[in-house]
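Chemist: You'll find query36.csv just under this line, and it carries CSV, C-alpha atoms and all ligand atoms.
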chain,number,residue,atom,x,y,z
A,1,MET,CA,1.5,-57.8,192.2
A,2,GLU,CA,1.4,-56.6,195.8
A,3,TYR,CA,0.3,-53.0,196.3
A,4,ASP,CA,1.2,-51.1,199.4
A,5,PHE,CA,-2.3,-49.7,200.1
A,6,ASN,CA,-3.2,-47.5,203.0
A,7,PRO,CA,-4.4,-50.0,205.6
A,8,SER,CA,-7.4,-47.8,206.3
A,9,ILE,CA,-9.1,-49.0,203.1
A,10,TYR,CA,-9.2,-52.6,204.4
A,11,ARG,CA,-11.6,-51.4,207.1
A,12,LEU,CA,-14.1,-50.2,204.5
A,13,ARG,CA,-17.1,-52.5,204.1
A,14,GLU,CA,-19.1,-52.7,200.9
A,15,SER,CA,-22.1,-50.4,200.7
A,16,PRO,CA,-25.2,-52.7,201.0
A,17,THR,CA,-27.0,-50.3,198.6
A,18,ARG,CA,-24.3,-50.7,196.0
A,19,LYS,CA,-24.3,-54.4,196.5
A,20,ILE,CA,-28.0,-54.6,195.8
A,21,ASP,CA,-27.5,-52.3,192.8
A,22,SER,CA,-25.0,-54.7,191.2
A,23,VAL,CA,-27.3,-57.7,191.8
A,24,ARG,CA,-30.1,-55.7,190.1
A,25,GLU,CA,-27.9,-54.9,187.1
A,26,LYS,CA,-26.9,-58.6,186.7
A,27,LEU,CA,-30.5,-59.8,187.0
A,28,ALA,CA,-31.7,-57.1,184.6
A,29,ARG,CA,-29.1,-58.2,182.1
A,30,GLU,CA,-30.5,-61.7,182.4
A,31,GLY,CA,-33.9,-60.2,181.3
A,32,ARG,CA,-35.5,-60.3,184.7
A,33,ASP,CA,-38.0,-57.6,185.6
A,34,ILE,CA,-36.6,-56.0,188.7
A,35,ILE,CA,-38.1,-53.3,191.0
A,36,LEU,CA,-35.2,-51.6,192.8
A,37,LEU,CA,-35.8,-50.7,196.4
A,38,SER,CA,-32.2,-49.8,197.4
A,39,THR,CA,-30.8,-46.5,196.0
A,40,GLY,CA,-33.2,-43.6,196.2
A,41,GLN,CA,-32.9,-42.1,192.7
A,42,PRO,CA,-34.0,-38.6,192.1
A,43,SER,CA,-37.7,-38.6,190.9
A,44,ILE,CA,-37.8,-35.1,189.4
A,45,PRO,CA,-35.4,-33.5,187.1
A,46,PRO,CA,-33.7,-30.1,187.8
A,47,PRO,CA,-35.9,-27.1,186.6
A,48,ARG,CA,-36.0,-26.8,182.9
A,49,TRP,CA,-34.5,-23.2,182.9
A,50,VAL,CA,-31.5,-24.5,184.8
A,51,ARG,CA,-30.8,-27.2,182.2
A,52,GLU,CA,-31.3,-24.8,179.3
A,53,GLU,CA,-28.9,-22.3,180.9
A,54,LEU,CA,-26.4,-25.1,181.5
A,55,ALA,CA,-26.7,-26.4,177.9
A,56,GLU,CA,-26.2,-22.9,176.5
A,57,ARG,CA,-23.1,-22.3,178.7
A,58,LEU,CA,-21.6,-25.6,177.9
A,59,LEU,CA,-21.7,-24.8,174.2
A,60,ALA,CA,-20.1,-21.4,174.6
A,61,ASP,CA,-16.3,-21.1,173.9
A,62,ASP,CA,-15.8,-19.3,177.2
A,63,MET,CA,-12.7,-20.4,179.0
A,64,ARG,CA,-13.9,-18.8,182.3
A,65,LEU,CA,-16.2,-21.8,182.5
A,66,TYR,CA,-13.2,-24.1,183.0
A,67,ALA,CA,-11.3,-21.9,185.4
A,68,TYR,CA,-10.4,-23.1,188.9
A,69,THR,CA,-12.7,-21.6,191.5
A,70,PRO,CA,-11.8,-20.7,195.1
A,71,SER,CA,-11.5,-23.8,197.3
A,72,GLN,CA,-14.4,-22.8,199.4
A,73,GLY,CA,-16.6,-22.1,196.4
A,74,ARG,CA,-17.4,-18.9,194.5
A,75,GLY,CA,-18.4,-16.0,196.9
A,76,SER,CA,-21.4,-15.2,194.8
A,77,VAL,CA,-22.7,-18.8,195.1
A,78,ARG,CA,-22.0,-18.9,198.8
A,79,ASP,CA,-23.9,-15.7,199.2
A,80,ALA,CA,-26.9,-17.0,197.3
A,81,ILE,CA,-26.9,-20.1,199.6
A,82,ARG,CA,-26.7,-17.9,202.6
A,83,ARG,CA,-29.7,-15.9,201.5
A,84,GLU,CA,-31.6,-19.1,200.7
A,85,LEU,CA,-30.8,-20.5,204.2
A,86,ALA,CA,-31.9,-17.3,205.8
A,87,ARG,CA,-35.2,-17.6,204.0
A,88,HIS,CA,-35.6,-20.9,205.9
A,89,GLY,CA,-34.6,-19.3,209.2
A,90,VAL,CA,-31.0,-20.5,209.3
A,91,GLU,CA,-28.6,-17.6,209.9
A,92,VAL,CA,-25.0,-18.4,208.8
A,93,GLY,CA,-22.3,-16.2,207.3
A,94,SER,CA,-21.1,-16.8,203.7
A,95,ASP,CA,-17.7,-17.6,205.2
A,96,GLN,CA,-19.3,-20.5,207.1
A,97,ILE,CA,-20.4,-22.1,203.8
A,98,THR,CA,-18.2,-24.4,201.8
A,99,LEU,CA,-19.2,-25.9,198.4
A,100,THR,CA,-18.4,-29.6,198.0
A,101,ALA,CA,-19.1,-32.2,195.3
A,102,GLY,CA,-22.1,-33.7,197.0
A,103,GLY,CA,-23.1,-34.5,200.6
A,104,GLN,CA,-20.8,-37.5,201.0
A,105,SER,CA,-17.8,-35.4,200.2
A,106,ALA,CA,-18.9,-32.8,202.8
A,107,LEU,CA,-19.4,-35.4,205.4
A,108,PHE,CA,-16.0,-36.9,204.7
A,109,SER,CA,-14.2,-33.6,205.0
A,110,VAL,CA,-16.0,-32.8,208.3
A,111,ALA,CA,-15.4,-36.2,209.8
A,112,ALA,CA,-11.7,-36.2,208.7
A,113,ALA,CA,-11.2,-32.8,210.3
A,114,LEU,CA,-12.9,-33.7,213.5
A,115,PHE,CA,-12.4,-37.4,214.3
A,116,LYS,CA,-9.3,-39.4,214.9
A,117,PRO,CA,-8.6,-43.1,215.4
A,118,GLY,CA,-10.3,-44.4,218.5
A,119,ASP,CA,-12.7,-41.4,218.9
A,120,ARG,CA,-16.3,-42.4,219.7
A,121,VAL,CA,-19.1,-41.0,217.6
A,122,VAL,CA,-22.8,-41.5,218.2
A,123,VAL,CA,-24.9,-42.4,215.2
A,124,PHE,CA,-28.6,-43.1,215.1
A,125,ASP,CA,-29.9,-46.3,213.4
A,126,PRO,CA,-31.6,-46.7,210.9
A,127,MET,CA,-29.4,-44.3,209.1
A,128,TYR,CA,-27.8,-43.4,205.8
A,129,PHE,CA,-25.2,-46.2,205.1
A,130,GLY,CA,-22.6,-43.6,204.0
A,131,TYR,CA,-21.7,-42.8,207.6
A,132,TRP,CA,-20.0,-46.2,208.0
A,133,PRO,CA,-17.1,-45.6,205.5
A,134,LEU,CA,-16.4,-42.2,207.2
A,135,LEU,CA,-15.9,-43.8,210.6
A,136,ASP,CA,-14.3,-47.0,209.3
A,137,TYR,CA,-11.7,-45.2,207.3
A,138,ILE,CA,-10.7,-42.9,210.1
A,139,GLY,CA,-10.8,-45.7,212.6
A,140,ALA,CA,-13.4,-44.0,214.8
A,141,GLU,CA,-15.8,-46.1,216.8
A,142,ALA,CA,-19.6,-45.8,216.2
A,143,ILE,CA,-21.9,-45.9,219.2
A,144,VAL,CA,-25.2,-46.9,217.6
A,145,LEU,CA,-28.4,-45.7,219.2
A,146,ARG,CA,-31.7,-47.2,217.9
A,147,GLU,CA,-34.5,-45.1,216.7
A,148,ASP,CA,-37.9,-46.8,216.8
A,149,LEU,CA,-40.6,-46.8,214.2
A,150,ASP,CA,-43.2,-46.4,217.0
A,151,ALA,CA,-41.4,-43.3,218.2
A,152,GLY,CA,-41.5,-41.9,214.6
A,153,PHE,CA,-37.7,-42.6,214.1
A,154,GLN,CA,-36.9,-39.6,216.3
A,155,PRO,CA,-33.4,-39.6,218.1
A,156,PRO,CA,-33.8,-41.3,221.5
A,157,ILE,CA,-32.9,-38.3,223.6
A,158,GLU,CA,-32.9,-40.0,227.0
A,159,GLU,CA,-30.6,-42.7,225.8
A,160,LEU,CA,-28.4,-40.1,224.2
A,161,LYS,CA,-28.2,-38.2,227.5
A,162,GLU,CA,-27.4,-41.4,229.4
A,163,THR,CA,-24.7,-42.3,226.8
A,164,LEU,CA,-23.1,-38.9,227.0
A,165,SER,CA,-23.0,-39.0,230.8
A,166,ARG,CA,-21.3,-42.4,230.7
A,167,VAL,CA,-19.0,-42.4,227.7
A,168,ARG,CA,-16.5,-39.8,226.4
A,169,VAL,CA,-18.0,-39.0,223.0
A,170,LYS,CA,-16.2,-36.9,220.3
A,171,GLY,CA,-19.2,-36.2,218.1
A,172,VAL,CA,-22.9,-37.0,217.3
A,173,ILE,CA,-23.8,-37.3,213.7
A,174,LEU,CA,-27.2,-35.6,213.4
A,175,VAL,CA,-28.6,-34.9,210.0
A,176,SER,CA,-32.0,-33.5,209.1
A,177,PRO,CA,-33.7,-34.7,207.0
A,178,GLU,CA,-32.3,-38.2,207.6
A,179,GLN,CA,-33.2,-41.6,206.3
A,180,PRO,CA,-35.8,-43.1,206.6
A,181,TYR,CA,-37.4,-39.8,205.6
A,182,TRP,CA,-40.8,-38.4,205.5
A,183,GLU,CA,-42.1,-34.9,206.5
A,184,GLY,CA,-42.8,-36.0,210.1
A,185,SER,CA,-39.2,-37.3,210.6
A,186,ARG,CA,-37.7,-33.8,210.3
A,187,TRP,CA,-36.2,-32.7,213.6
B,1,LIG,C1,-28.9,-38.7,204.6
B,1,LIG,C2,-27.9,-38.6,203.4
B,1,LIG,N1,-26.7,-37.9,203.6
B,1,LIG,C3,-25.8,-37.8,202.6
B,1,LIG,C4,-26.1,-38.3,201.4
B,1,LIG,C5,-25.0,-38.2,200.3
B,1,LIG,O1,-25.3,-37.2,199.5
B,1,LIG,P1,-24.6,-37.1,198.0
B,1,LIG,O2,-25.3,-38.0,197.1
B,1,LIG,O3,-24.8,-35.6,197.6
B,1,LIG,O4,-23.1,-37.3,198.2
B,1,LIG,C6,-27.3,-39.0,201.1
B,1,LIG,C7,-27.5,-39.6,199.8
B,1,LIG,O5,-28.4,-40.4,199.6
B,1,LIG,C8,-28.2,-39.1,202.2
B,1,LIG,O6,-29.4,-39.7,202.0
Just dump the structure as structure tokens.

Modeler:
Amino acid sequence: MEYDFNPSIYRLRESPTRKIDSVREKLAREGRDIILLSTGQPSIPPPRWVREELAERLLADDMRLYAYTPSQGRGSVRDAIRRELARHGVEVGSDQITLTAGGQSALFSVAAALFKPGDRVVVFDPMYFGYWPLLDYIGAEAIVLREDLDAGFQPPIEELKETLSRVRVKGVILVSPEQPYWEGSRW
């Protein structure tokens, strides 16, 4: 049966991380001993008190737990995030904070709001693979600037300036901390 899919999905390429994950799963099922170096899985669990609190609440017959929340997220939670950010020297109002189901969802919402087909967007490579589907789906064009190991994987500022002076760029995706990550790679 032929489905009438949105043509944008044909521009999506398979995530290399996920591809490696499925190879790992297949080899593991064949009994091979595999060390996975693709997906960075969390290495520490959430604090015990958080899990205890969640477990207790999930068992309560309280329908408020299942109620819809405001689209931007609960005001009390956004306020708590604002205070936490302020503790780290980042001053933003609660109305500038939106809760999403993960970072990828936030990135998609921002990219979909800002970029349109044909827009040029600067990304720094090596980078988190999840930026590709955002740009591919929208049909925006990535301008890829290389970050060097020798330069500590910092964004190449001179090259960025040169690119911005030459090309009409709609956006620059700049995330900190980024991948590859270590303390020194924070901007
Ligand atoms: C740099 C970067 N941005 C965004 C994400 C996506 O975050 P999430 O898993 O919360 O969707 C990841 C996940 O690995 C990431 O490493």

Chemist: Between A:Phe115, A:Phe108, A:Tyr137, A:Phe153, single out the one closest to ligand LIG 1 (chain B), counting all atoms listed in the file.

Modeler: A:Phe108

Chemist: Within 8 Å of ligand LIG 1 (chain B), counting all atoms listed in the file, which protein or nucleic acid residues do you find, written as a list in words?

Modeler: Thr39, Gly40, Ala101, Gly102, Gly103, Gln104, Ser105, Ala106, Leu107, Met127, Tyr128, Gly130, Val175, Ser176, Pro177, Glu178 and Gln179 of chain A

Chemist: What gap, in Å, lies between atom CA of Ser71 of chain A and atom CA of Ala113 of chain A?

Modeler: 15.8 Å

Chemist: Please indicate the distance in Å from atom CA of Ala140 of chain A to atom CA of Arg120 of chain A, rounded to one decimal place.

Modeler: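 Taking atom CA of Ala140 of chain A and atom CA of Arg120 of chain A, their separation equals 5.9 Å.
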
Chemist: Any idea what's packed within 12 Å of Val123 of chain A, counting all atoms listed in the file, ignoring anything in its chain fewer than 6 positions away? Could you give it as a PyMOL selection string?

Modeler: chain A and resi 129-132+134-135+140-147+155-156+160+163+169-175+178

Chemist: Give the answer as one residue: which of A:Arg166, A:Arg51, A:Arg78, A:Arg18 has the shortest atom-to-atom distance to Val92 of chain A, using all atoms listed in the file?

Modeler: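 Selected residue with least distance to Val92 of chain A: A:Arg78.
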
Chemist: Check the smallest atom-to-atom distance from each of A:Lys116, A:Pro126, A:Val77, A:Gln72 to Gln96 of chain A using only C-alpha atoms, then report the winner.

Modeler: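 For Gln96 of chain A, the nearest of the given residues is A:Gln72.
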
Chemist: When you draw a straight line from atom CA of Ala112 of chain A to atom CA of Ala80 of chain A, how long is it in Å?

Modeler: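 Value for the atom CA of Ala112 of chain A-atom CA of Ala80 of chain A distance: 27.0 Å.
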
Chemist: Extract, using only C-alpha atoms, all DNA, RNA and protein residues at most 10 Å from Arg82 of chain A, discarding same-chain residues fewer than 5 positions from it, and format them as a PyMOL selection string.

Modeler: chain A and resi 76-77+87-88+90-97

Chemist: Would you mind exporting segment 15-44 of chain A with N, CA and C atoms, as a compact mmCIF listing (two decimals), in the first residue's frame?

Modeler:
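Saved to selection-v4.txt:
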# COMPACT_ATOMS: atom_id res chain seq x y z
N SER A 15 20.06 7.96 12.18
CA SER A 15 21.05 8.38 13.16
C SER A 15 22.16 7.33 13.23
N PRO A 16 23.44 7.74 13.04
CA PRO A 16 24.53 6.76 13.12
C PRO A 16 24.57 6.09 14.49
N THR A 17 24.23 6.85 15.53
CA THR A 17 24.25 6.28 16.89
C THR A 17 23.25 5.13 16.99
N ARG A 18 22.03 5.39 16.47
CA ARG A 18 20.99 4.36 16.54
C ARG A 18 21.35 3.16 15.69
N LYS A 19 22.02 3.43 14.54
CA LYS A 19 22.42 2.35 13.65
C LYS A 19 23.38 1.41 14.40
N ILE A 20 24.36 2.02 15.08
CA ILE A 20 25.34 1.21 15.83
C ILE A 20 24.61 0.47 16.95
N ASP A 21 23.65 1.13 17.58
CA ASP A 21 22.90 0.49 18.67
C ASP A 21 22.20 -0.78 18.19
N SER A 22 21.61 -0.73 16.96
CA SER A 22 20.91 -1.94 16.52
C SER A 22 21.90 -3.05 16.13
N VAL A 23 23.08 -2.66 15.62
CA VAL A 23 24.10 -3.69 15.34
C VAL A 23 24.52 -4.34 16.66
N ARG A 24 24.70 -3.49 17.69
CA ARG A 24 25.10 -4.02 19.00
C ARG A 24 24.06 -5.02 19.52
N GLU A 25 22.78 -4.63 19.38
CA GLU A 25 21.72 -5.49 19.89
C GLU A 25 21.75 -6.85 19.19
N LYS A 26 21.95 -6.80 17.87
CA LYS A 26 21.97 -8.03 17.07
C LYS A 26 23.15 -8.90 17.51
N LEU A 27 24.35 -8.28 17.64
CA LEU A 27 25.54 -9.06 18.01
C LEU A 27 25.41 -9.59 19.44
N ALA A 28 24.82 -8.79 20.33
CA ALA A 28 24.65 -9.23 21.72
C ALA A 28 23.73 -10.44 21.78
N ARG A 29 22.69 -10.42 20.91
CA ARG A 29 21.75 -11.55 20.90
C ARG A 29 22.42 -12.81 20.36
N GLU A 30 23.47 -12.61 19.54
CA GLU A 30 24.23 -13.77 19.06
C GLU A 30 25.24 -14.23 20.10
N GLY A 31 25.23 -13.57 21.27
CA GLY A 31 26.09 -13.98 22.37
C GLY A 31 27.46 -13.32 22.34
N ARG A 32 27.66 -12.32 21.48
CA ARG A 32 28.95 -11.65 21.42
C ARG A 32 29.05 -10.64 22.56
N ASP A 33 30.25 -10.50 23.08
CA ASP A 33 30.48 -9.57 24.19
C ASP A 33 30.87 -8.21 23.59
N ILE A 34 29.95 -7.25 23.70
CA ILE A 34 30.13 -5.99 22.99
C ILE A 34 30.32 -4.82 23.97
N ILE A 35 31.29 -3.98 23.66
CA ILE A 35 31.42 -2.72 24.42
C ILE A 35 30.88 -1.62 23.51
N LEU A 36 29.83 -0.95 23.98
CA LEU A 36 29.16 0.05 23.14
C LEU A 36 29.79 1.43 23.33
N LEU A 37 30.25 2.01 22.23
CA LEU A 37 30.86 3.34 22.33
C LEU A 37 30.04 4.37 21.55
N SER A 38 28.75 4.11 21.34
CA SER A 38 27.94 5.08 20.59
C SER A 38 27.12 5.93 21.55
N THR A 39 25.92 5.47 21.89
CA THR A 39 25.05 6.28 22.76
C THR A 39 25.68 6.48 24.14
N GLY A 40 25.69 7.74 24.58
CA GLY A 40 26.18 8.01 25.92
C GLY A 40 25.06 7.81 26.91
N GLN A 41 25.04 6.63 27.54
CA GLN A 41 23.97 6.36 28.51
C GLN A 41 24.28 7.03 29.84
N PRO A 42 23.24 7.42 30.59
CA PRO A 42 23.49 8.01 31.91
C PRO A 42 24.30 7.04 32.77
N SER A 43 25.25 7.58 33.53
CA SER A 43 26.08 6.70 34.35
C SER A 43 25.74 6.79 35.84
N ILE A 44 24.87 7.76 36.20
CA ILE A 44 24.42 7.83 37.60
C ILE A 44 22.90 7.94 37.61
